$ cat structure-v8.cif   # mmCIF, C-alpha atoms
data_work
#
loop_
_atom_site.label_atom_id
_atom_site.label_comp_id
_atom_site.auth_asym_id
_atom_site.auth_seq_id
_atom_site.Cartn_x
_atom_site.Cartn_y
_atom_site.Cartn_z
CA MET P 1 20.25 2.96 -34.80
CA SER P 2 18.96 3.75 -31.32
CA GLU P 3 21.32 3.87 -28.36
CA PHE P 4 18.68 2.08 -26.33
CA VAL P 5 18.58 -1.68 -26.13
CA HIS P 6 15.53 -3.32 -24.65
CA GLN P 7 16.33 -5.05 -21.34
CA ARG P 8 13.64 -6.98 -19.51
CA HIS P 9 13.89 -8.14 -15.94
CA LYS P 10 17.04 -6.32 -14.93
CA GLN P 11 18.52 -7.20 -11.55
CA VAL P 12 16.54 -5.78 -8.63
CA THR P 13 17.87 -2.67 -6.96
CA SER P 14 19.27 -3.71 -3.60
CA LEU P 15 18.19 -2.06 -0.38
CA ARG P 16 20.64 -1.28 2.41
CA GLU P 17 18.08 -2.63 4.87
CA PRO P 18 14.54 -3.99 4.63
CA ARG P 19 11.77 -1.41 4.30
CA GLU P 20 9.82 -0.71 7.48
CA LEU P 21 6.64 -0.12 5.51
CA ILE P 22 3.67 -2.41 6.07
CA ILE P 23 0.62 -2.45 3.79
CA ALA P 24 -2.79 -3.19 5.30
CA CYS P 25 -6.18 -3.38 3.63
CA PRO P 26 -9.71 -4.41 4.58
CA GLU P 27 -11.56 -7.15 2.78
CA MET P 28 -11.66 -5.91 -0.78
CA GLN P 29 -14.43 -6.34 -3.31
CA SER P 30 -12.00 -7.41 -6.04
CA HIS P 31 -9.35 -10.10 -5.76
CA ILE P 32 -7.74 -8.45 -8.78
CA ASN P 33 -7.15 -5.28 -6.75
CA VAL P 34 -5.50 -7.21 -3.92
CA SER P 35 -3.35 -9.16 -6.39
CA ARG P 36 -2.26 -5.91 -8.07
CA MET P 37 -1.41 -4.35 -4.69
CA VAL P 38 0.61 -7.42 -3.70
CA ARG P 39 2.62 -7.23 -6.93
CA ALA P 40 3.31 -3.51 -6.48
CA ALA P 41 4.25 -3.98 -2.81
CA ALA P 42 6.67 -6.79 -3.67
CA CYS P 43 8.28 -4.68 -6.41
CA CYS P 44 8.75 -1.90 -3.84
CA GLY P 45 10.48 -4.18 -1.35
CA VAL P 46 7.63 -4.31 1.16
CA THR P 47 8.12 -7.30 3.43
CA ARG P 48 4.72 -7.45 5.17
CA PHE P 49 1.21 -7.23 3.78
CA ILE P 50 -1.91 -7.60 5.92
CA ALA P 51 -5.25 -8.32 4.25
CA CYS P 52 -8.66 -9.08 5.69
CA GLY P 53 -11.47 -11.41 4.81
CA ASN P 54 -11.73 -14.11 2.19
CA VAL P 55 -8.61 -13.20 0.20
CA LYS P 56 -7.71 -14.95 -3.01
CA ILE P 57 -4.51 -13.97 -4.77
CA ASP P 58 -4.34 -14.48 -8.52
CA SER P 59 -0.70 -15.46 -9.10
CA LYS P 60 -0.95 -14.46 -12.78
CA ILE P 61 -1.56 -10.90 -11.59
CA SER P 62 0.58 -10.87 -8.43
CA ARG P 63 3.45 -12.62 -10.24
CA GLY P 64 4.27 -14.44 -7.00
CA GLY P 65 4.66 -11.25 -4.96
CA GLU P 66 2.91 -12.86 -1.99
CA GLN P 67 5.83 -15.31 -1.78
CA GLN P 68 8.32 -12.44 -1.45
CA MET P 69 6.82 -11.12 1.77
CA SER P 70 4.97 -12.06 4.89
CA PHE P 71 1.38 -12.17 3.64
CA GLU P 72 -1.14 -12.33 6.49
CA VAL P 73 -4.90 -12.68 6.43
CA ARG P 74 -6.84 -11.36 9.43
CA ARG P 75 -10.50 -11.17 10.31
CA SER P 76 -10.38 -7.44 11.05
CA LEU P 77 -7.87 -4.62 10.81
CA ARG P 78 -8.32 -2.59 13.97
CA PRO P 79 -6.73 -5.03 16.49
CA VAL P 80 -3.61 -5.65 14.38
CA LEU P 81 -3.27 -1.93 13.60
CA GLN P 82 -3.50 -1.02 17.27
CA LYS P 83 -0.79 -3.56 18.07
CA LEU P 84 1.45 -2.11 15.35
CA GLN P 85 0.74 1.41 16.58
CA ARG P 86 1.82 0.42 20.11
CA ALA P 87 5.01 -1.02 18.56
CA GLY P 88 5.85 2.42 17.14
CA TYR P 89 4.35 2.26 13.65
CA PRO P 90 2.43 5.42 12.70
CA LEU P 91 -0.81 4.55 10.91
CA ILE P 92 -1.18 6.41 7.61
CA GLY P 93 -4.53 6.09 5.84
CA LEU P 94 -4.82 6.57 2.09
CA GLU P 95 -8.22 8.23 2.13
CA GLN P 96 -9.97 11.45 1.25
CA THR P 97 -10.93 13.06 4.59
CA THR P 98 -11.50 16.56 5.92
CA ASN P 99 -7.91 16.73 7.22
CA SER P 100 -6.06 14.54 4.74
CA GLN P 101 -2.76 15.88 3.42
CA ASN P 102 -1.90 16.06 -0.23
CA ILE P 103 0.54 13.23 -0.97
CA HIS P 104 2.75 15.71 -2.85
CA GLN P 105 3.47 17.59 0.40
CA PHE P 106 3.43 14.60 2.76
CA ARG P 107 6.67 13.27 4.23
CA PHE P 108 6.27 9.56 4.97
CA PRO P 109 7.84 8.22 8.15
CA ALA P 110 10.34 5.50 7.17
CA LYS P 111 8.59 3.15 9.58
CA CYS P 112 4.82 3.15 9.07
CA VAL P 113 1.71 1.25 8.10
CA LEU P 114 -0.07 2.37 4.93
CA ILE P 115 -3.76 1.51 5.15
CA ILE P 116 -5.63 1.27 1.85
CA GLY P 117 -9.39 1.86 1.86
CA HIS P 118 -12.07 -0.43 0.44
CA GLU P 119 -12.96 0.27 -3.20
CA ARG P 120 -16.45 1.58 -2.39
CA LYS P 121 -16.55 2.24 1.37
CA GLY P 122 -13.05 3.65 1.90
CA ILE P 123 -11.53 3.22 5.35
CA ILE P 124 -14.28 2.36 7.81
CA ASP P 125 -14.90 4.60 10.84
CA ASP P 126 -13.54 2.23 13.51
CA VAL P 127 -10.17 2.21 11.69
CA LEU P 128 -10.31 5.86 10.60
CA GLU P 129 -10.57 7.01 14.22
CA ILE P 130 -7.25 5.38 15.23
CA LEU P 131 -5.17 6.66 12.29
CA ASP P 132 -2.34 9.08 12.94
CA GLN P 133 -2.68 10.79 9.56
CA THR P 134 -4.52 10.51 6.28
CA ILE P 135 -3.15 11.32 2.86
CA GLU P 136 -4.89 11.72 -0.45
CA ILE P 137 -3.85 11.77 -4.08
CA PRO P 138 -5.19 14.76 -6.03
CA VAL P 139 -7.74 13.98 -8.73
CA TRP P 140 -8.10 16.35 -11.68
CA GLY P 141 -11.13 14.79 -13.32
CA GLU P 142 -14.01 12.41 -12.85
CA PRO P 143 -14.54 9.93 -11.33
CA PHE P 144 -13.48 11.60 -8.10
CA SER P 145 -11.01 8.96 -6.88
CA TYR P 146 -8.53 6.42 -8.19
CA ASN P 147 -9.03 2.67 -8.16
CA ALA P 148 -7.78 1.23 -4.84
CA ALA P 149 -4.92 -0.74 -6.42
CA THR P 150 -3.89 2.22 -8.58
CA ALA P 151 -3.88 4.57 -5.58
CA ALA P 152 -1.91 2.04 -3.53
CA SER P 153 0.68 1.78 -6.31
CA MET P 154 0.96 5.56 -6.51
CA ALA P 155 1.45 5.84 -2.73
CA LEU P 156 4.01 3.03 -2.76
CA TYR P 157 5.91 4.80 -5.51
CA GLU P 158 5.94 8.05 -3.53
CA TYR P 159 7.20 6.25 -0.42
CA CYS P 160 10.00 4.65 -2.48
CA ARG P 161 10.84 8.02 -4.07
CA GLN P 162 11.32 9.45 -0.57
CA PHE P 163 13.29 6.40 0.62
CA PRO P 164 15.08 5.09 -2.50
CA ASN P 165 17.25 2.58 -0.65
#
$ encode --input "structure-v8.cif" --output "structure tokens"
Amino acid sequence: MSEFVHQRHKQVTSLREPRELIIACPEMQSHINVSRMVRAAACCGVTRFIACGNVKIDSKISRGGEQQMSFEVRRSLRPVLQKLQRAGYPLIGLEQTTNSQNIHQFRFPAKCVLIIGHERKGIIDDVLEILDQTIEIPVWGEPFSYNAATAASMALYEYCRQFPN
């Protein structure tokens, strides 16, 4: 008999203090992607999520994650990002750029905004030009990038690995 007993929905791991990580994304093509990002962010203890455009959250996918955080919908990202930057939040873009750092070598600031790019267009130029840093996740095969929600989940996991509680 196995020493492992299946346990579903164990108690959440408590944090000493709320995470100072904010997730921000432009209007996305897929409501499924936004719903998946919301669920992952809630599981990681993120308390603020900023989305743009006509956002619809599918609660069957998000599992109510949007109720566990401040979920804001804005018309555009740049003004809110600039305000956060002035308040001391470094802006970290998850995007393949000429100077992006490999996520495996990147040290997240505990207090930061993680900006996720649009599924097809990435992070648009007017936002890209105000970012403090960009990070990318290595890809070892085709297609040449991860799905936006998958990449966001991977980046969230890496942030939580660096700041476990």
$ closest_residue --input "structure-v8.cif" --among "P:Asp58, P:Glu95, P:Glu136, P:Glu119" --to "Glu27 (chain P)" --atoms "only C-alpha atoms"
P:Glu119
$ residues_around --input "structure-v8.cif" --residues "Ala148 (chain P)" --least-positions-apart "4" --cutoff "10 Å" --atoms "all atoms listed in the file" --output "PyMOL selection string"
chain P and resi 25+28+30+33-34+36-37+94-95+116-120+122+152-154
$ closest_residue --input "structure-v8.cif" --among "P:Pro90, P:Pro143, P:Pro138, P:Pro18" --to "Ile115 (chain P)" --atoms "only C-alpha atoms"
P:Pro90
$ closest_residue --input "structure-v8.cif" --among "P:Val5, P:Leu77, P:Leu156, P:Val139" --to "Leu114 (chain P)" --atoms "all atoms listed in the file"
P:Leu156
$ closest_residue --input "structure-v8.cif" --among "P:Thr134, P:Pro164, P:Asn99, P:Glu158" --to "Ser14 (chain P)" --atoms "all atoms listed in the file"
P:Pro164
$ residues_around --input "structure-v8.cif" --residues "Leu21 (chain P)" --least-positions-apart "6" --cutoff "12 Å" --atoms "all atoms listed in the file" --output "MDAnalysis selection string"
chainID P and resid 41:42 44:50 69 84 88:92 108:115 155:156 159:160 163
$ atom_distance --input "structure-v8.cif" --atom1 "CA of Leu128 (chain P)" --atom2 "CA of Arg75 (chain P)"
17.0 Å
$ closest_residue --input "structure-v8.cif" --among "P:Val80, P:Ala151, P:Ile135, P:Val73" --to "Gly53 (chain P)" --atoms "all atoms listed in the file"
P:Val73
$ closest_residue --input "structure-v8.cif" --among "P:Ser70, P:Ser62, P:Gln101, P:Gln82" --to "Ile23 (chain P)" --atoms "only C-alpha atoms"
P:Ser70
$ atom_distance --input "structure-v8.cif" --atom1 "CA of Gly64 (chain P)" --atom2 "CA of Arg39 (chain P)"
7.4 Å
$ atom_distance --input "structure-v8.cif" --atom1 "CA of Asp125 (chain P)" --atom2 "CA of Lys56 (chain P)"
25.0 Å
$ residues_around --input "structure-v8.cif" --residues "Ser35 (chain P)" --least-positions-apart "3" --cutoff "9 Å" --atoms "only C-alpha atoms" --output "list in words"
Ser30, His31, Ile32, Val38, Arg39, Ala40, Lys56, Ile57, Asp58, Ser59, Lys60, Ile61, Ser62, Arg63, Gly65, Glu66 and Ala149 of chain P
$ decode --input "structure-v8.cif" --residues "region 3-130 of chain P" --atoms "C-alpha atoms" --output "mmCIF file, in the first residue's frame"
data_model
loop_
_atom_site.group_PDB
_atom_site.id
_atom_site.type_symbol
_atom_site.label_atom_id
_atom_site.label_comp_id
_atom_site.auth_asym_id
_atom_site.auth_seq_id
_atom_site.Cartn_x
_atom_site.Cartn_y
_atom_site.Cartn_z
ATOM 1 C CA GLU P 3 2.368 5.880 1.814
ATOM 2 C CA PHE P 4 0.645 8.635 -0.115
ATOM 3 C CA VAL P 5 -2.966 9.512 0.537
ATOM 4 C CA HIS P 6 -4.727 11.786 -1.902
ATOM 5 C CA GLN P 7 -5.594 15.147 -0.308
ATOM 6 C CA ARG P 8 -7.499 17.737 -2.283
ATOM 7 C CA HIS P 9 -7.857 21.362 -1.300
ATOM 8 C CA LYS P 10 -5.396 21.444 1.570
ATOM 9 C CA GLN P 11 -5.318 24.599 3.668
ATOM 10 C CA VAL P 12 -3.656 27.530 1.908
ATOM 11 C CA THR P 13 -0.106 28.368 2.855
ATOM 12 C CA SER P 14 -0.195 31.547 4.906
ATOM 13 C CA LEU P 15 1.887 34.566 4.014
ATOM 14 C CA ARG P 16 3.596 36.688 6.656
ATOM 15 C CA GLU P 17 2.391 39.768 4.793
ATOM 16 C CA PRO P 18 0.470 40.413 1.578
ATOM 17 C CA ARG P 19 2.467 40.145 -1.646
ATOM 18 C CA GLU P 20 3.487 43.446 -3.209
ATOM 19 C CA LEU P 21 3.153 42.010 -6.696
ATOM 20 C CA ILE P 22 0.588 43.494 -9.062
ATOM 21 C CA ILE P 23 -0.395 41.852 -12.348
ATOM 22 C CA ALA P 24 -1.336 44.053 -15.304
ATOM 23 C CA CYS P 25 -2.400 43.087 -18.805
ATOM 24 C CA PRO P 26 -3.752 44.823 -21.892
ATOM 25 C CA GLU P 27 -7.060 43.907 -23.438
ATOM 26 C CA MET P 28 -6.607 40.254 -24.295
ATOM 27 C CA GLN P 29 -7.977 38.387 -27.274
ATOM 28 C CA SER P 30 -9.182 35.496 -25.118
ATOM 29 C CA HIS P 31 -11.309 35.755 -21.990
ATOM 30 C CA ILE P 32 -10.086 32.255 -21.184
ATOM 31 C CA ASN P 33 -6.515 33.557 -20.914
ATOM 32 C CA VAL P 34 -7.534 36.335 -18.529
ATOM 33 C CA SER P 35 -9.584 33.895 -16.437
ATOM 34 C CA ARG P 36 -6.622 31.498 -16.243
ATOM 35 C CA MET P 37 -4.289 34.344 -15.214
ATOM 36 C CA VAL P 38 -6.735 35.474 -12.521
ATOM 37 C CA ARG P 39 -6.901 31.955 -11.089
ATOM 38 C CA ALA P 40 -3.102 31.609 -11.049
ATOM 39 C CA ALA P 41 -2.655 35.072 -9.514
ATOM 40 C CA ALA P 42 -5.169 34.302 -6.756
ATOM 41 C CA CYS P 43 -3.435 30.982 -5.997
ATOM 42 C CA CYS P 44 -0.148 32.900 -5.687
ATOM 43 C CA GLY P 45 -1.570 35.396 -3.207
ATOM 44 C CA VAL P 46 -1.632 38.362 -5.579
ATOM 45 C CA THR P 47 -3.980 40.998 -4.206
ATOM 46 C CA ARG P 48 -4.296 43.321 -7.220
ATOM 47 C CA PHE P 49 -4.927 42.572 -10.881
ATOM 48 C CA ILE P 50 -5.334 45.277 -13.524
ATOM 49 C CA ALA P 51 -6.894 44.390 -16.877
ATOM 50 C CA CYS P 52 -7.873 46.530 -19.831
ATOM 51 C CA GLY P 53 -10.747 46.602 -22.244
ATOM 52 C CA ASN P 54 -13.926 44.580 -22.375
ATOM 53 C CA VAL P 55 -12.968 41.933 -19.815
ATOM 54 C CA LYS P 56 -15.177 38.974 -19.080
ATOM 55 C CA ILE P 57 -14.085 36.523 -16.414
ATOM 56 C CA ASP P 58 -15.319 32.952 -16.709
ATOM 57 C CA SER P 59 -15.811 31.901 -13.076
ATOM 58 C CA LYS P 60 -15.646 28.213 -14.048
ATOM 59 C CA ILE P 61 -12.056 28.847 -15.131
ATOM 60 C CA SER P 62 -11.041 31.512 -12.596
ATOM 61 C CA ARG P 63 -12.651 29.549 -9.751
ATOM 62 C CA GLY P 64 -13.614 32.857 -8.131
ATOM 63 C CA GLY P 65 -10.054 34.196 -8.057
ATOM 64 C CA GLU P 66 -11.279 37.666 -9.015
ATOM 65 C CA GLN P 67 -13.148 37.775 -5.686
ATOM 66 C CA GLN P 68 -9.918 37.137 -3.764
ATOM 67 C CA MET P 69 -8.214 40.296 -4.993
ATOM 68 C CA SER P 70 -8.769 43.815 -6.154
ATOM 69 C CA PHE P 71 -9.703 43.275 -9.803
ATOM 70 C CA GLU P 72 -9.667 46.517 -11.794
ATOM 71 C CA VAL P 73 -10.612 47.200 -15.393
ATOM 72 C CA ARG P 74 -9.019 50.225 -17.076
ATOM 73 C CA ARG P 75 -9.234 51.706 -20.541
ATOM 74 C CA SER P 76 -5.461 51.742 -21.016
ATOM 75 C CA LEU P 77 -2.386 50.561 -19.147
ATOM 76 C CA ARG P 78 0.151 53.342 -19.509
ATOM 77 C CA PRO P 79 -1.444 55.923 -17.130
ATOM 78 C CA VAL P 80 -1.982 53.425 -14.296
ATOM 79 C CA LEU P 81 1.504 51.954 -14.786
ATOM 80 C CA GLN P 82 3.102 55.387 -14.640
ATOM 81 C CA LYS P 83 1.239 56.119 -11.412
ATOM 82 C CA LEU P 84 2.433 52.830 -9.912
ATOM 83 C CA GLN P 85 5.974 53.529 -11.084
ATOM 84 C CA ARG P 86 5.906 56.916 -9.323
ATOM 85 C CA ALA P 87 4.698 55.093 -6.185
ATOM 86 C CA GLY P 88 7.865 52.963 -6.230
ATOM 87 C CA TYR P 89 6.762 49.883 -8.166
ATOM 88 C CA PRO P 90 9.313 48.761 -10.766
ATOM 89 C CA LEU P 91 7.598 47.767 -14.016
ATOM 90 C CA ILE P 92 8.660 44.315 -15.215
ATOM 91 C CA GLY P 93 7.460 43.262 -18.668
ATOM 92 C CA LEU P 94 7.112 39.606 -19.588
ATOM 93 C CA GLU P 95 8.190 39.964 -23.200
ATOM 94 C CA GLN P 96 10.850 38.865 -25.639
ATOM 95 C CA THR P 97 12.936 41.989 -26.379
ATOM 96 C CA THR P 98 16.503 42.764 -27.400
ATOM 97 C CA ASN P 99 17.498 43.341 -23.755
ATOM 98 C CA SER P 100 15.166 40.986 -21.910
ATOM 99 C CA GLN P 101 16.701 38.883 -19.151
ATOM 100 C CA ASN P 102 16.269 35.157 -18.892
ATOM 101 C CA ILE P 103 13.764 34.501 -16.094
ATOM 102 C CA HIS P 104 16.119 31.844 -14.690
ATOM 103 C CA GLN P 105 18.712 34.533 -13.874
ATOM 104 C CA PHE P 106 16.307 37.343 -12.995
ATOM 105 C CA ARG P 107 15.824 38.413 -9.386
ATOM 106 C CA PHE P 108 12.332 39.853 -8.962
ATOM 107 C CA PRO P 109 11.935 42.886 -6.715
ATOM 108 C CA ALA P 110 9.506 41.963 -3.922
ATOM 109 C CA LYS P 111 7.450 45.025 -4.825
ATOM 110 C CA CYS P 112 6.759 45.216 -8.552
ATOM 111 C CA VAL P 113 4.231 45.169 -11.359
ATOM 112 C CA LEU P 114 4.381 42.231 -13.767
ATOM 113 C CA ILE P 115 3.022 43.257 -17.155
ATOM 114 C CA ILE P 116 1.818 40.453 -19.413
ATOM 115 C CA GLY P 117 1.794 41.037 -23.170
ATOM 116 C CA HIS P 118 -1.121 40.550 -25.546
ATOM 117 C CA GLU P 119 -1.333 37.064 -27.084
ATOM 118 C CA ARG P 120 -0.452 38.253 -30.599
ATOM 119 C CA LYS P 121 0.942 41.795 -30.263
ATOM 120 C CA GLY P 122 2.960 41.420 -27.056
ATOM 121 C CA ILE P 123 3.491 44.561 -24.987
ATOM 122 C CA ILE P 124 2.730 47.596 -27.139
ATOM 123 C CA ASP P 125 5.423 50.237 -27.715
ATOM 124 C CA ASP P 126 3.895 52.994 -25.549
ATOM 125 C CA VAL P 127 4.031 50.625 -22.546
ATOM 126 C CA LEU P 128 7.314 48.957 -23.533
ATOM 127 C CA GLU P 129 9.120 52.309 -23.470
ATOM 128 C CA ILE P 130 8.275 52.971 -19.783
#
